[in-house]
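Okay, model35.pdb is below, PDB, C-alpha atoms:
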```pdb
ATOM      1  CA  MET A   1     -15.154  30.912  36.744  1.00  0.00           C
ATOM      2  CA  ASP A   2     -12.662  28.460  38.097  1.00  0.00           C
ATOM      3  CA  ALA A   3     -13.335  25.066  39.720  1.00  0.00           C
ATOM      4  CA  ALA A   4     -13.148  26.404  43.319  1.00  0.00           C
ATOM      5  CA  THR A   5     -15.767  29.069  42.621  1.00  0.00           C
ATOM      6  CA  GLU A   6     -18.079  26.527  41.001  1.00  0.00           C
ATOM      7  CA  ASP A   7     -17.733  24.242  44.040  1.00  0.00           C
ATOM      8  CA  ALA A   8     -18.568  27.131  46.390  1.00  0.00           C
ATOM      9  CA  VAL A   9     -21.672  28.067  44.359  1.00  0.00           C
ATOM     10  CA  ILE A  10     -22.855  24.443  44.341  1.00  0.00           C
ATOM     11  CA  ARG A  11     -22.338  24.168  48.115  1.00  0.00           C
ATOM     12  CA  ASN A  12     -24.278  27.388  48.693  1.00  0.00           C
ATOM     13  CA  ARG A  13     -27.160  26.139  46.552  1.00  0.00           C
ATOM     14  CA  ILE A  14     -27.262  22.791  48.299  1.00  0.00           C
ATOM     15  CA  ALA A  15     -26.814  24.154  51.817  1.00  0.00           C
ATOM     16  CA  LEU A  16     -29.973  24.766  53.895  1.00  0.00           C
ATOM     17  CA  ASP A  17     -30.996  28.425  54.224  1.00  0.00           C
ATOM     18  CA  ASN A  18     -31.371  29.365  57.933  1.00  0.00           C
ATOM     19  CA  ARG A  19     -33.301  32.584  57.343  1.00  0.00           C
ATOM     20  CA  PRO A  20     -36.752  30.918  57.101  1.00  0.00           C
ATOM     21  CA  LEU A  21     -35.961  29.001  60.296  1.00  0.00           C
ATOM     22  CA  ARG A  22     -35.000  32.176  62.162  1.00  0.00           C
ATOM     23  CA  LYS A  23     -38.146  33.862  60.844  1.00  0.00           C
ATOM     24  CA  ILE A  24     -40.281  30.974  62.131  1.00  0.00           C
ATOM     25  CA  VAL A  25     -38.576  31.226  65.519  1.00  0.00           C
ATOM     26  CA  LYS A  26     -39.423  34.936  65.627  1.00  0.00           C
ATOM     27  CA  ARG A  27     -43.040  34.220  64.664  1.00  0.00           C
ATOM     28  CA  PHE A  28     -43.204  31.568  67.360  1.00  0.00           C
ATOM     29  CA  GLU A  29     -41.842  33.992  69.945  1.00  0.00           C
ATOM     30  CA  THR A  30     -44.402  36.628  68.849  1.00  0.00           C
ATOM     31  CA  LEU A  31     -47.218  34.067  69.095  1.00  0.00           C
ATOM     32  CA  ARG A  32     -45.999  32.940  72.542  1.00  0.00           C
ATOM     33  CA  LYS A  33     -45.866  36.491  73.791  1.00  0.00           C
ATOM     34  CA  ALA A  34     -49.353  37.206  72.418  1.00  0.00           C
ATOM     35  CA  VAL A  35     -50.713  34.133  74.169  1.00  0.00           C
ATOM     36  CA  GLU A  36     -48.945  34.905  77.431  1.00  0.00           C
ATOM     37  CA  ALA A  37     -50.088  38.535  77.292  1.00  0.00           C
ATOM     38  CA  LYS A  38     -53.684  37.337  76.848  1.00  0.00           C
ATOM     39  CA  GLY A  39     -54.253  39.983  74.297  1.00  0.00           C
ATOM     40  CA  GLY A  40     -57.100  40.160  71.900  1.00  0.00           C
ATOM     41  CA  LYS A  41     -58.109  37.234  69.770  1.00  0.00           C
ATOM     42  CA  ASP A  42     -57.417  39.145  66.617  1.00  0.00           C
ATOM     43  CA  SER A  43     -53.795  39.808  67.439  1.00  0.00           C
ATOM     44  CA  THR A  44     -53.305  36.231  68.602  1.00  0.00           C
ATOM     45  CA  ARG A  45     -55.026  34.825  65.503  1.00  0.00           C
ATOM     46  CA  GLU A  46     -52.940  37.089  63.264  1.00  0.00           C
ATOM     47  CA  ALA A  47     -49.731  35.943  64.971  1.00  0.00           C
ATOM     48  CA  PHE A  48     -50.818  32.304  64.644  1.00  0.00           C
ATOM     49  CA  GLU A  49     -51.641  32.684  60.980  1.00  0.00           C
ATOM     50  CA  LEU A  50     -48.273  34.292  60.302  1.00  0.00           C
ATOM     51  CA  PHE A  51     -46.565  31.504  62.214  1.00  0.00           C
ATOM     52  CA  SER A  52     -48.570  28.843  60.357  1.00  0.00           C
ATOM     53  CA  THR A  53     -47.755  30.433  56.989  1.00  0.00           C
ATOM     54  CA  ASP A  54     -44.024  30.601  57.710  1.00  0.00           C
ATOM     55  CA  LEU A  55     -44.036  27.060  59.128  1.00  0.00           C
ATOM     56  CA  THR A  56     -45.813  25.734  56.067  1.00  0.00           C
ATOM     57  CA  ALA A  57     -43.329  27.508  53.807  1.00  0.00           C
ATOM     58  CA  PHE A  58     -40.446  26.063  55.851  1.00  0.00           C
ATOM     59  CA  GLN A  59     -41.940  22.578  55.611  1.00  0.00           C
ATOM     60  CA  LEU A  60     -42.251  22.967  51.872  1.00  0.00           C
ATOM     61  CA  SER A  61     -38.633  24.060  51.640  1.00  0.00           C
ATOM     62  CA  VAL A  62     -37.544  21.130  53.805  1.00  0.00           C
ATOM     63  CA  ARG A  63     -39.580  18.732  51.679  1.00  0.00           C
ATOM     64  CA  LYS A  64     -38.068  20.325  48.602  1.00  0.00           C
ATOM     65  CA  GLN A  65     -34.553  19.853  50.000  1.00  0.00           C
ATOM     66  CA  LYS A  66     -35.346  16.246  50.841  1.00  0.00           C
ATOM     67  CA  GLN A  67     -36.594  15.602  47.354  1.00  0.00           C
ATOM     68  CA  MET A  68     -33.517  17.251  45.956  1.00  0.00           C
ATOM     69  CA  ARG A  69     -31.358  15.008  48.163  1.00  0.00           C
ATOM     70  CA  GLU A  70     -33.220  11.936  46.969  1.00  0.00           C
ATOM     71  CA  MET A  71     -32.851  13.077  43.390  1.00  0.00           C
ATOM     72  CA  ASN A  72     -29.147  13.664  43.941  1.00  0.00           C
ATOM     73  CA  GLY A  73     -28.829  10.146  45.365  1.00  0.00           C
ATOM     74  CA  VAL A  74     -30.621   8.703  42.367  1.00  0.00           C
ATOM     75  CA  GLN A  75     -28.450  10.739  40.028  1.00  0.00           C
ATOM     76  CA  GLN A  76     -25.374   9.647  41.923  1.00  0.00           C
ATOM     77  CA  SER A  77     -26.381   5.997  41.530  1.00  0.00           C
ATOM     78  CA  HIS A  78     -27.077   6.673  37.886  1.00  0.00           C
ATOM     79  CA  PHE A  79     -23.702   8.359  37.561  1.00  0.00           C
ATOM     80  CA  ALA A  80     -22.054   5.354  39.231  1.00  0.00           C
ATOM     81  CA  SER A  81     -23.786   2.954  36.861  1.00  0.00           C
ATOM     82  CA  ASP A  82     -22.921   5.234  33.960  1.00  0.00           C
ATOM     83  CA  LEU A  83     -19.330   5.293  35.155  1.00  0.00           C
ATOM     84  CA  CYS A  84     -19.240   1.488  35.223  1.00  0.00           C
ATOM     85  CA  SER A  85     -20.828   1.424  31.783  1.00  0.00           C
ATOM     86  CA  VAL A  86     -18.286   3.934  30.489  1.00  0.00           C
ATOM     87  CA  GLN A  87     -15.422   1.936  31.972  1.00  0.00           C
ATOM     88  CA  ASP A  88     -16.824  -1.252  30.464  1.00  0.00           C
ATOM     89  CA  GLY A  89     -17.195   0.575  27.162  1.00  0.00           C
ATOM     90  CA  ILE A  90     -13.590   1.751  27.403  1.00  0.00           C
ATOM     91  CA  GLN A  91     -12.388  -1.793  28.014  1.00  0.00           C
ATOM     92  CA  ALA A  92     -14.564  -3.077  25.175  1.00  0.00           C
ATOM     93  CA  ALA A  93     -13.247  -0.301  22.923  1.00  0.00           C
ATOM     94  CA  LYS A  94      -9.667  -1.213  23.829  1.00  0.00           C
ATOM     95  CA  ALA A  95     -10.378  -4.856  23.032  1.00  0.00           C
ATOM     96  CA  ASP A  96     -12.029  -3.815  19.763  1.00  0.00           C
ATOM     97  CA  ILE A  97      -9.026  -1.635  18.949  1.00  0.00           C
ATOM     98  CA  GLU A  98      -6.633  -4.537  19.523  1.00  0.00           C
ATOM     99  CA  GLU A  99      -8.809  -6.813  17.420  1.00  0.00           C
ATOM    100  CA  LEU A 100      -9.049  -4.176  14.714  1.00  0.00           C
ATOM    101  CA  LYS A 101      -5.260  -3.799  14.779  1.00  0.00           C
ATOM    102  CA  VAL A 102      -4.892  -7.532  14.188  1.00  0.00           C
ATOM    103  CA  MET A 103      -7.501  -7.379  11.441  1.00  0.00           C
ATOM    104  CA  LEU A 104      -5.698  -4.384   9.910  1.00  0.00           C
ATOM    105  CA  VAL A 105      -2.414  -6.289   9.836  1.00  0.00           C
ATOM    106  CA  GLN A 106      -4.173  -9.273   8.278  1.00  0.00           C
ATOM    107  CA  GLU A 107      -5.846  -7.090   5.672  1.00  0.00           C
ATOM    108  CA  GLN A 108      -2.551  -5.366   4.866  1.00  0.00           C
ATOM    109  CA  THR A 109      -0.890  -8.765   4.473  1.00  0.00           C
ATOM    110  CA  ALA A 110      -3.765  -9.968   2.282  1.00  0.00           C
ATOM    111  CA  ALA A 111      -3.567  -6.802   0.161  1.00  0.00           C
ATOM    112  CA  LYS A 112       0.189  -7.229  -0.211  1.00  0.00           C
ATOM    113  CA  ARG A 113      -0.237 -10.867  -1.217  1.00  0.00           C
ATOM    114  CA  LYS A 114      -2.977  -9.900  -3.651  1.00  0.00           C
ATOM    115  CA  THR A 115      -0.673  -7.318  -5.219  1.00  0.00           C
ATOM    116  CA  GLU A 116       2.110  -9.891  -5.519  1.00  0.00           C
ATOM    117  CA  TYR A 117      -0.362 -12.432  -6.922  1.00  0.00           C
ATOM    118  CA  ASP A 118      -1.565  -9.933  -9.516  1.00  0.00           C
ATOM    119  CA  ALA A 119       2.041  -9.215 -10.532  1.00  0.00           C
ATOM    120  CA  VAL A 120       2.786 -12.957 -10.823  1.00  0.00           C
ATOM    121  CA  ALA A 121      -0.448 -13.479 -12.756  1.00  0.00           C
ATOM    122  CA  ARG A 122       0.484 -10.737 -15.225  1.00  0.00           C
ATOM    123  CA  LYS A 123       3.933 -12.305 -15.579  1.00  0.00           C
ATOM    124  CA  CYS A 124       2.379 -15.735 -16.166  1.00  0.00           C
ATOM    125  CA  LEU A 125       0.117 -14.288 -18.838  1.00  0.00           C
ATOM    126  CA  GLU A 126       3.165 -12.883 -20.594  1.00  0.00           C
ATOM    127  CA  LEU A 127       4.888 -16.289 -20.583  1.00  0.00           C
ATOM    128  CA  PRO A 128       3.985 -19.051 -23.070  1.00  0.00           C
ATOM    129  CA  SER A 129       1.440 -21.711 -22.189  1.00  0.00           C
ATOM    130  CA  ARG A 130       2.263 -25.076 -20.624  1.00  0.00           C
ATOM    131  CA  GLU A 131       1.683 -26.974 -23.882  1.00  0.00           C
ATOM    132  CA  GLU A 132       3.992 -24.655 -25.794  1.00  0.00           C
ATOM    133  CA  SER A 133       6.633 -24.931 -23.072  1.00  0.00           C
ATOM    134  CA  GLU A 134       6.404 -28.732 -23.172  1.00  0.00           C
ATOM    135  CA  ARG A 135       6.804 -28.680 -26.972  1.00  0.00           C
ATOM    136  CA  ASN A 136       9.833 -26.408 -26.656  1.00  0.00           C
ATOM    137  CA  MET A 137      11.294 -28.696 -24.002  1.00  0.00           C
ATOM    138  CA  ALA A 138      10.803 -31.738 -26.236  1.00  0.00           C
ATOM    139  CA  THR A 139      12.472 -29.919 -29.133  1.00  0.00           C
ATOM    140  CA  LEU A 140      15.375 -28.906 -26.913  1.00  0.00           C
ATOM    141  CA  ARG A 141      15.774 -32.499 -25.676  1.00  0.00           C
ATOM    142  CA  GLU A 142      15.950 -33.704 -29.269  1.00  0.00           C
ATOM    143  CA  GLU A 143      18.510 -31.021 -30.108  1.00  0.00           C
ATOM    144  CA  ILE A 144      20.571 -31.951 -27.043  1.00  0.00           C
ATOM    145  CA  LEU A 145      20.466 -35.623 -28.035  1.00  0.00           C
ATOM    146  CA  ALA A 146      21.540 -34.751 -31.590  1.00  0.00           C
ATOM    147  CA  LEU A 147      24.352 -32.575 -30.247  1.00  0.00           C
ATOM    148  CA  GLN A 148      25.502 -35.382 -27.978  1.00  0.00           C
ATOM    149  CA  GLN A 149      25.543 -37.789 -30.895  1.00  0.00           C
ATOM    150  CA  THR A 150      27.421 -35.232 -33.011  1.00  0.00           C
ATOM    151  CA  GLN A 151      29.896 -34.721 -30.187  1.00  0.00           C
ATOM    152  CA  GLN A 152      30.425 -38.483 -29.919  1.00  0.00           C
ATOM    153  CA  ARG A 153      31.038 -38.710 -33.675  1.00  0.00           C
ATOM    154  CA  LEU A 154      33.439 -35.789 -33.539  1.00  0.00           C
ATOM    155  CA  VAL A 155      35.340 -37.375 -30.661  1.00  0.00           C
ATOM    156  CA  GLN A 156      35.607 -40.636 -32.578  1.00  0.00           C
ATOM    157  CA  SER A 157      36.651 -38.776 -35.753  1.00  0.00           C
ATOM    158  CA  TYR A 158      39.235 -36.780 -33.772  1.00  0.00           C
ATOM    159  CA  ALA A 159      40.679 -39.969 -32.274  1.00  0.00           C
ATOM    160  CA  TYR A 160      40.738 -41.622 -35.710  1.00  0.00           C
ATOM    161  CA  ARG A 161      42.416 -38.615 -37.347  1.00  0.00           C
ATOM    162  CA  LYS A 162      44.883 -38.415 -34.506  1.00  0.00           C
ATOM    163  CA  THR A 163      45.789 -42.055 -35.135  1.00  0.00           C
ATOM    164  CA  LEU A 164      46.120 -41.378 -38.855  1.00  0.00           C
ATOM    165  CA  LEU A 165      48.288 -38.337 -38.179  1.00  0.00           C
ATOM    166  CA  HIS A 166      50.477 -40.434 -35.915  1.00  0.00           C
ATOM    167  CA  ASN A 167      50.800 -43.030 -38.667  1.00  0.00           C
ATOM    168  CA  VAL A 168      51.655 -40.330 -41.238  1.00  0.00           C
ATOM    169  CA  VAL A 169      54.290 -38.819 -38.947  1.00  0.00           C
ATOM    170  CA  SER A 170      55.727 -42.264 -38.316  1.00  0.00           C
ATOM    171  CA  ALA A 171      55.835 -42.875 -42.095  1.00  0.00           C
ATOM    172  CA  ILE A 172      57.539 -39.493 -42.619  1.00  0.00           C
ATOM    173  CA  TYR A 173      60.183 -40.285 -40.034  1.00  0.00           C
ATOM    174  CA  THR A 174      60.628 -43.741 -41.639  1.00  0.00           C
ATOM    175  CA  MET A 175      61.086 -42.106 -45.054  1.00  0.00           C
ATOM    176  CA  LYS A 176      63.524 -39.615 -43.542  1.00  0.00           C
ATOM    177  CA  ASP A 177      65.587 -42.435 -42.027  1.00  0.00           C
ATOM    178  CA  ALA A 178      65.498 -44.298 -45.379  1.00  0.00           C
ATOM    179  CA  ILE A 179      66.665 -41.166 -47.242  1.00  0.00           C
ATOM    180  CA  GLU A 180      69.460 -40.613 -44.742  1.00  0.00           C
ATOM    181  CA  ASN A 181      70.515 -44.259 -45.111  1.00  0.00           C
ATOM    182  CA  ASP A 182      70.358 -43.869 -48.892  1.00  0.00           C
ATOM    183  CA  GLY A 183      72.645 -40.801 -48.674  1.00  0.00           C
ATOM    184  CA  ASP A 184      75.111 -42.727 -46.536  1.00  0.00           C
ATOM    185  CA  ASP A 185      75.043 -45.578 -49.060  1.00  0.00           C
ATOM    186  CA  SER A 186      75.669 -43.112 -51.944  1.00  0.00           C
ATOM    187  CA  ARG A 187      78.668 -41.604 -50.160  1.00  0.00           C
ATOM    188  CA  SER A 188      80.042 -45.096 -49.438  1.00  0.00           C
ATOM    189  CA  ILE A 189      79.476 -46.051 -53.124  1.00  0.00           C
ATOM    190  CA  LYS A 190      81.338 -42.945 -54.301  1.00  0.00           C
ATOM    191  CA  LYS A 191      84.193 -43.773 -51.959  1.00  0.00           C
ATOM    192  CA  GLU A 192      84.259 -47.358 -53.177  1.00  0.00           C
ATOM    193  CA  ARG A 193      84.232 -46.064 -56.751  1.00  0.00           C
ATOM    194  CA  LYS A 194      87.240 -43.896 -56.042  1.00  0.00           C
ATOM    195  CA  ASP A 195      89.014 -46.823 -54.427  1.00  0.00           C
ATOM    196  CA  GLU A 196      88.068 -49.131 -57.301  1.00  0.00           C
ATOM    197  CA  GLY A 197      89.131 -46.515 -59.854  1.00  0.00           C
ATOM    198  CA  GLY A 198      92.529 -46.363 -58.264  1.00  0.00           C
ATOM    199  CA  SER A 199      92.787 -50.111 -58.227  1.00  0.00           C
ATOM    200  CA  ASN A 200      91.573 -50.307 -61.862  1.00  0.00           C
ATOM    201  CA  ALA A 201      94.179 -47.793 -62.903  1.00  0.00           C
ATOM    202  CA  SER A 202      96.830 -49.888 -61.266  1.00  0.00           C
ATOM    203  CA  LEU A 203      95.445 -53.008 -62.924  1.00  0.00           C
ATOM    204  CA  LEU A 204      95.321 -51.346 -66.323  1.00  0.00           C
ATOM    205  CA  ALA A 205      98.850 -50.264 -65.850  1.00  0.00           C
ATOM    206  CA  SER A 206      99.903 -53.759 -65.036  1.00  0.00           C
ATOM    207  CA  GLY A 207      97.517 -55.248 -67.657  1.00  0.00           C
ATOM    208  CA  GLU A 208      95.972 -57.650 -65.231  1.00  0.00           C
ATOM    209  CA  GLY A 209      92.634 -58.097 -63.430  1.00  0.00           C
ATOM    210  CA  GLY A 210      90.543 -55.911 -65.843  1.00  0.00           C
ATOM    211  CA  GLU A 211      87.675 -58.262 -66.056  1.00  0.00           C
ATOM    212  CA  GLU A 212      87.549 -58.716 -62.294  1.00  0.00           C
ATOM    213  CA  GLY A 213      87.220 -54.925 -61.795  1.00  0.00           C
ATOM    214  CA  GLU A 214      84.252 -54.737 -64.142  1.00  0.00           C
ATOM    215  CA  GLU A 215      82.454 -57.524 -62.329  1.00  0.00           C
ATOM    216  CA  GLU A 216      82.994 -55.844 -58.940  1.00  0.00           C
ATOM    217  CA  GLU A 217      81.692 -52.515 -60.334  1.00  0.00           C
ATOM    218  CA  GLU A 218      78.521 -54.220 -61.585  1.00  0.00           C
ATOM    219  CA  ASP A 219      78.014 -55.772 -58.154  1.00  0.00           C
ATOM    220  CA  VAL A 220      78.368 -52.365 -56.455  1.00  0.00           C
ATOM    221  CA  PHE A 221      75.900 -50.671 -58.827  1.00  0.00           C
ATOM    222  CA  GLY A 222      73.453 -53.560 -58.378  1.00  0.00           C
ATOM    223  CA  SER A 223      73.511 -53.235 -54.600  1.00  0.00           C
ATOM    224  CA  ALA A 224      73.025 -49.463 -54.851  1.00  0.00           C
ATOM    225  CA  GLY A 225      70.041 -49.951 -57.161  1.00  0.00           C
ATOM    226  CA  ARG A 226      68.515 -52.355 -54.762  1.00  0.00           C
ATOM    227  CA  ARG A 227      68.923 -49.875 -51.889  1.00  0.00           C
ATOM    228  CA  LYS A 228      67.253 -47.121 -53.956  1.00  0.00           C
ATOM    229  CA  GLY A 229      64.366 -49.467 -54.795  1.00  0.00           C
ATOM    230  CA  GLY A 230      63.850 -50.180 -51.114  1.00  0.00           C
ATOM    231  CA  ALA A 231      63.760 -46.456 -50.300  1.00  0.00           C
ATOM    232  CA  SER A 232      61.210 -45.812 -53.053  1.00  0.00           C
ATOM    233  CA  GLY A 233      59.148 -48.716 -51.707  1.00  0.00           C
ATOM    234  CA  ALA A 234      59.146 -47.094 -48.268  1.00  0.00           C
ATOM    235  CA  GLY A 235      57.911 -43.820 -49.832  1.00  0.00           C
ATOM    236  CA  ALA A 236      55.106 -45.647 -51.602  1.00  0.00           C
ATOM    237  CA  THR A 237      54.120 -47.212 -48.308  1.00  0.00           C
ATOM    238  CA  GLY A 238      53.833 -43.722 -46.720  1.00  0.00           C
ATOM    239  CA  ASP A 239      51.664 -42.523 -49.626  1.00  0.00           C
ATOM    240  CA  ASP A 240      49.447 -45.584 -49.305  1.00  0.00           C
ATOM    241  CA  VAL A 241      48.993 -44.927 -45.575  1.00  0.00           C
ATOM    242  CA  GLU A 242      48.096 -41.266 -46.199  1.00  0.00           C
ATOM    243  CA  GLU A 243      45.632 -42.206 -48.948  1.00  0.00           C
ATOM    244  CA  GLY A 244      44.034 -44.806 -46.656  1.00  0.00           C
ATOM    245  CA  ALA A 245      43.732 -42.188 -43.916  1.00  0.00           C
ATOM    246  CA  TYR A 246      41.888 -39.778 -46.234  1.00  0.00           C
ATOM    247  CA  ASN A 247      39.614 -42.556 -47.443  1.00  0.00           C
ATOM    248  CA  ASP A 248      38.780 -43.602 -43.862  1.00  0.00           C
ATOM    249  CA  ASP A 249      38.121 -39.986 -42.890  1.00  0.00           C
ATOM    250  CA  SER A 250      35.694 -39.539 -45.795  1.00  0.00           C
ATOM    251  CA  LYS A 251      33.953 -42.730 -44.798  1.00  0.00           C
ATOM    252  CA  MET A 252      33.518 -41.422 -41.221  1.00  0.00           C
ATOM    253  CA  GLU A 253      32.031 -38.154 -42.490  1.00  0.00           C
ATOM    254  CA  GLU A 254      29.602 -39.991 -44.721  1.00  0.00           C
ATOM    255  CA  SER A 255      28.501 -42.176 -41.791  1.00  0.00           C
TER     256      SER A 255
END
```
Can you turn what I pasted into structure tokens?
Amino acid sequence: MDAATEDAVIRNRIALDNRPLRKIVKRFETLRKAVEAKGGKDSTREAFELFSTDLTAFQLSVRKQKQMREMNGVQQSHFASDLCSVQDGIQAAKADIEELKVMLVQEQTAAKRKTEYDAVARKCLELPSREESERNMATLREEILALQQTQQRLVQSYAYRKTLLHNVVSAIYTMKDAIENDGDDSRSIKKERKDEGGSNASLLASGEGGEEGEEEEEDVFGSAGRRKGGASGAGATGDDVEEGAYNDDSKMEES
């Protein structure tokens, strides 16, 4: 049954039935004719009773329809109030839904934070305590200070050794220059010897100036010996510098 058929059935049930009214009209016409015909009392009374019965039944049906109308009005008012209540409930439900959505977001955020807090708490439990961390930090500070001091000593020792190395190199170059000068002096002495030998040969041949040649040769050898002594003195000075450098380096390591 579709909606149109249901509406038609409801209208037919609500609509007033005209058949009782037509029946009453017929009874009234029969009673009027009986009265006008001045028939017997029995026929008139019978017609009146039939008319009264049908009229009473019609009145009952009318009263019933009136009561049904009143009941429908009351139900309609109830339906209207129920409709308002339902609409208010819908609005309240929508507001509750929005509030519950906000609460859901808050609870999800709280659950997420709780999960993160639990993870951080487990991580903190795995890490050492604050006292142990402070002790480790103090130990590390002491080690850093010791390393800084060691670095400072190493820098000073490096600078000192660099100075010593510079002194040693300078002494080596000084010795090299002295040796080169000594070689030049030896070559000049040999040349002078050759020259003096030639002159001595000429003097021996002539028989004169022998003693003077010997004295000059002694002077040349004396000067050469003095030059060699100076070169050896320069070498001793380089050795003394190197020995002093090693001694100073050992003193720095001991300090």
Checklist entry - Can you tell me how far CA of Val168 (chain A) sits from CA of Gln156 (chain A), in Å to one decimal? => result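 CA of Val168 (chain A) sits 18.2 Å away from CA of Gln156 (chain A).
In this model, the gap between CA of Pro20 (chain A) and CA of Met71 (chain A) comes to 22.8 Å.
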As lines of an AutoDock Vina configuration file, please report the centre and edge lengths, rounded to one decimal in Å, of the axis-aligned box that holds all listed atoms of region 98-106 of chain A with 3 Å of padding on each of the six sides.
```
center_x = -5.7
center_y = -6.5
center_z = 13.9
size_x = 12.6
size_y = 11.5
size_z = 17.2
```
Next on the checklist: Here is a test: counting only C-alpha atoms, which residue of A:Leu127, A:Phe28, A:Ser61, A:Thr163 is nearest to Glu46 (chain A)?
Outcome noted: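 Nearest to Glu46 (chain A): A:Phe28.
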Checklist entry - Rounded to one decimal in Å, what is the spacing between CA of Tyr160 (chain A) and CA of Lys176 (chain A)? => result 24.2 Å
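For the residues A:Asp54, A:Glu142, A:Asp96, A:Glu180, ranking by smallest atom-to-atom distance to Arg27 (chain A) using all atoms listed in the file places A:Asp54 first.
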Checklist entry - Which residue gives the smallest distance to Arg32 (chain A) among A:Met137, A:Arg45, A:Leu154, A:Asn72, with only C-alpha atoms counted? => result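 Ranked by minimum distance to Arg32 (chain A), first place goes to A:Arg45.
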